[in-house]
Each structure stands twice: as structure tokens, then as C-alpha cells.
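A quick write-up on the structure given underneath.
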Amino acid sequence: QVQLVESGGGLVQPGGSLTLSCAASGFAFDTSFMRWYRQYPGKERRLIAAIPSSGRNPNYEDSVKGRFTISRDNVKNTLSLQMNNLKVEDTATYYCSVQLGLSQHWGQGTQVTVSS
């Protein structure tokens with residue numbers, strides 16, 4: 001079955017960096033459009049970055065543009081999110097996701113906390 005397992009979250013000071021990873025299995029990762037979302041407590045998940053199967057021309061939500069970089073390794077079936085210059089408002093739970101047909105699949109999420 002489809003599995004998405006995020007890792008790499010943690011506590012970081014403002015201005016710091018983290019790299020999130022998402023290990024994918026159970027579907028054709030190399031031909032799938034992949035996305036990163038984040039969710040604040042009590043709020044809906046919000047798309048922040050997306051990358052096509054080729055890895056070219058990813059898209060970003062304005063608040064993370066220039067600070068976050070989405071990438072993928074189609075050999076290792078891994079999606080990554082490099083997060084630089086982190087801000088307190090980046091504190092959230094981060095999820096990777098894939099849409100397969102009518103079903104959207106999610107990982108369990110990884111918590112990122114930015115605090116001094």
C-alpha cells in the first residue's frame with residue numbers, strides 16, 4: 001500500500017535550518033507529482049511546495065519562497081524539503097502528500113518548532 005514517512009523535524013532557533021525527508025513506497029514515485037503541506041494547530045493543511053516528477057520547475061507558496069527548497073530523488077524514492085532562515089511562524093506540522101487518482105495520501109507528519 002501507499003506509504004509516506006516524514007522525518008527530520010525538530011526544534012530549531014530562528015534563522016536556523018532543517019531538512020525534512022519523506023520516504024515513499026507502494027506507488028510509482030518517479031512518475032508522481034509530490035507536495036509538501038504544513039498545518040498550524042486548529043487550521044487546515046496548506047500547500048507550501050510542489051514538484052513534478054521531473055524535478056524541474058517546482059512551485060512554492062509565497063511565505064516560503066526563497067527560503068525553502070523542495071527536491072526529490074527518484075532512485076531512492078525520497079522527497080525532501082530544505083528549510084533555511086526559519087521563522088517562528090514556520091512552526092507547524094509538515095506533511096508530504098501524493099494524489100493518486102481520486103485519493104490523496106498523507107504521511108504521519110513531522111513537527112517543526114522554531115523558537116529561541
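Ligands are numbered from 1 in the order shown, chains are lettered A, B, ... in the order of the C-alpha cells, and residues start at 1 in each chain.
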
Contacts of A:Gly8 at 9 Å (only C-alpha atoms; same-chain gap of 5+ positions) as a ChimeraX atom specification:
/A:18-22,110-112

Export of prior selection with all heavy atoms as a PDB file, in the first residue's frame:
```pdb
ATOM      1  N   LEU A  18      16.618  23.326   8.699  1.00  0.00           N
ATOM      2  CA  LEU A  18      16.250  21.923   8.859  1.00  0.00           C
ATOM      3  C   LEU A  18      15.998  21.347   7.479  1.00  0.00           C
ATOM      4  O   LEU A  18      15.571  22.077   6.572  1.00  0.00           O
ATOM      5  CB  LEU A  18      14.984  21.751   9.687  1.00  0.00           C
ATOM      6  CG  LEU A  18      15.044  21.798  11.211  1.00  0.00           C
ATOM      7  CD1 LEU A  18      13.630  21.705  11.791  1.00  0.00           C
ATOM      8  CD2 LEU A  18      15.933  20.713  11.765  1.00  0.00           C
ATOM      9  N   THR A  19      16.231  20.045   7.349  1.00  0.00           N
ATOM     10  CA  THR A  19      15.855  19.351   6.126  1.00  0.00           C
ATOM     11  C   THR A  19      14.884  18.231   6.477  1.00  0.00           C
ATOM     12  O   THR A  19      15.213  17.355   7.283  1.00  0.00           O
ATOM     13  CB  THR A  19      17.074  18.765   5.411  1.00  0.00           C
ATOM     14  OG1 THR A  19      17.980  19.807   5.067  1.00  0.00           O
ATOM     15  CG2 THR A  19      16.642  18.049   4.137  1.00  0.00           C
ATOM     16  N   LEU A  20      13.720  18.293   5.891  1.00  0.00           N
ATOM     17  CA  LEU A  20      12.724  17.246   6.064  1.00  0.00           C
ATOM     18  C   LEU A  20      12.853  16.236   4.931  1.00  0.00           C
ATOM     19  O   LEU A  20      13.170  16.596   3.798  1.00  0.00           O
ATOM     20  CB  LEU A  20      11.316  17.829   6.059  1.00  0.00           C
ATOM     21  CG  LEU A  20      11.039  18.957   7.045  1.00  0.00           C
ATOM     22  CD1 LEU A  20       9.561  19.357   6.965  1.00  0.00           C
ATOM     23  CD2 LEU A  20      11.414  18.577   8.449  1.00  0.00           C
ATOM     24  N   SER A  21      12.591  14.999   5.259  1.00  0.00           N
ATOM     25  CA  SER A  21      12.596  13.938   4.257  1.00  0.00           C
ATOM     26  C   SER A  21      11.279  13.190   4.295  1.00  0.00           C
ATOM     27  O   SER A  21      10.629  13.116   5.343  1.00  0.00           O
ATOM     28  CB  SER A  21      13.744  12.959   4.510  1.00  0.00           C
ATOM     29  OG  SER A  21      14.995  13.581   4.346  1.00  0.00           O
ATOM     30  N   CYS A  22      10.922  12.642   3.165  1.00  0.00           N
ATOM     31  CA  CYS A  22       9.711  11.819   3.054  1.00  0.00           C
ATOM     32  C   CYS A  22      10.073  10.578   2.251  1.00  0.00           C
ATOM     33  O   CYS A  22      10.396  10.681   1.056  1.00  0.00           O
ATOM     34  CB  CYS A  22       8.601  12.605   2.375  1.00  0.00           C
ATOM     35  SG  CYS A  22       7.128  11.640   1.993  1.00  0.00           S
ATOM     36  N   THR A 110       5.567  15.513  10.472  1.00  0.00           N
ATOM     37  CA  THR A 110       6.719  15.733  11.341  1.00  0.00           C
ATOM     38  C   THR A 110       6.649  17.157  11.883  1.00  0.00           C
ATOM     39  O   THR A 110       6.357  18.098  11.138  1.00  0.00           O
ATOM     40  CB  THR A 110       8.047  15.458  10.605  1.00  0.00           C
ATOM     41  OG1 THR A 110       9.146  15.525  11.516  1.00  0.00           O
ATOM     42  CG2 THR A 110       8.292  16.425   9.461  1.00  0.00           C
ATOM     43  N   GLN A 111       6.875  17.300  13.167  1.00  0.00           N
ATOM     44  CA  GLN A 111       6.713  18.593  13.825  1.00  0.00           C
ATOM     45  C   GLN A 111       7.981  19.423  13.683  1.00  0.00           C
ATOM     46  O   GLN A 111       9.095  18.934  13.966  1.00  0.00           O
ATOM     47  CB  GLN A 111       6.388  18.395  15.306  1.00  0.00           C
ATOM     48  CG  GLN A 111       6.276  19.678  16.108  1.00  0.00           C
ATOM     49  CD  GLN A 111       5.102  20.544  15.698  1.00  0.00           C
ATOM     50  OE1 GLN A 111       4.036  20.028  15.348  1.00  0.00           O
ATOM     51  NE2 GLN A 111       5.272  21.849  15.728  1.00  0.00           N
ATOM     52  N   VAL A 112       7.807  20.655  13.285  1.00  0.00           N
ATOM     53  CA  VAL A 112       8.897  21.631  13.247  1.00  0.00           C
ATOM     54  C   VAL A 112       8.540  22.759  14.205  1.00  0.00           C
ATOM     55  O   VAL A 112       7.457  23.344  14.113  1.00  0.00           O
ATOM     56  CB  VAL A 112       9.104  22.191  11.823  1.00  0.00           C
ATOM     57  CG1 VAL A 112      10.088  23.341  11.835  1.00  0.00           C
ATOM     58  CG2 VAL A 112       9.580  21.090  10.885  1.00  0.00           C
TER      59      VAL A 112
END
```

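Across the model, the gap from atom CA of A:Gln3 to atom CA of A:Phe27 is 8.3 Å.
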
Smallest atom-to-atom distance to A:Ser80: which of A:Ala92, A:Ala49, A:Lys43, A:Gln99, using only C-alpha atoms?
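Selected residue with least distance to A:Ser80: A:Ala49.
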
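Minimum atom-to-atom distance to A:Leu86, evaluated using only C-alpha atoms, belongs to A:Val64 out of A:Leu4, A:Val64, A:Met34, A:Val98.
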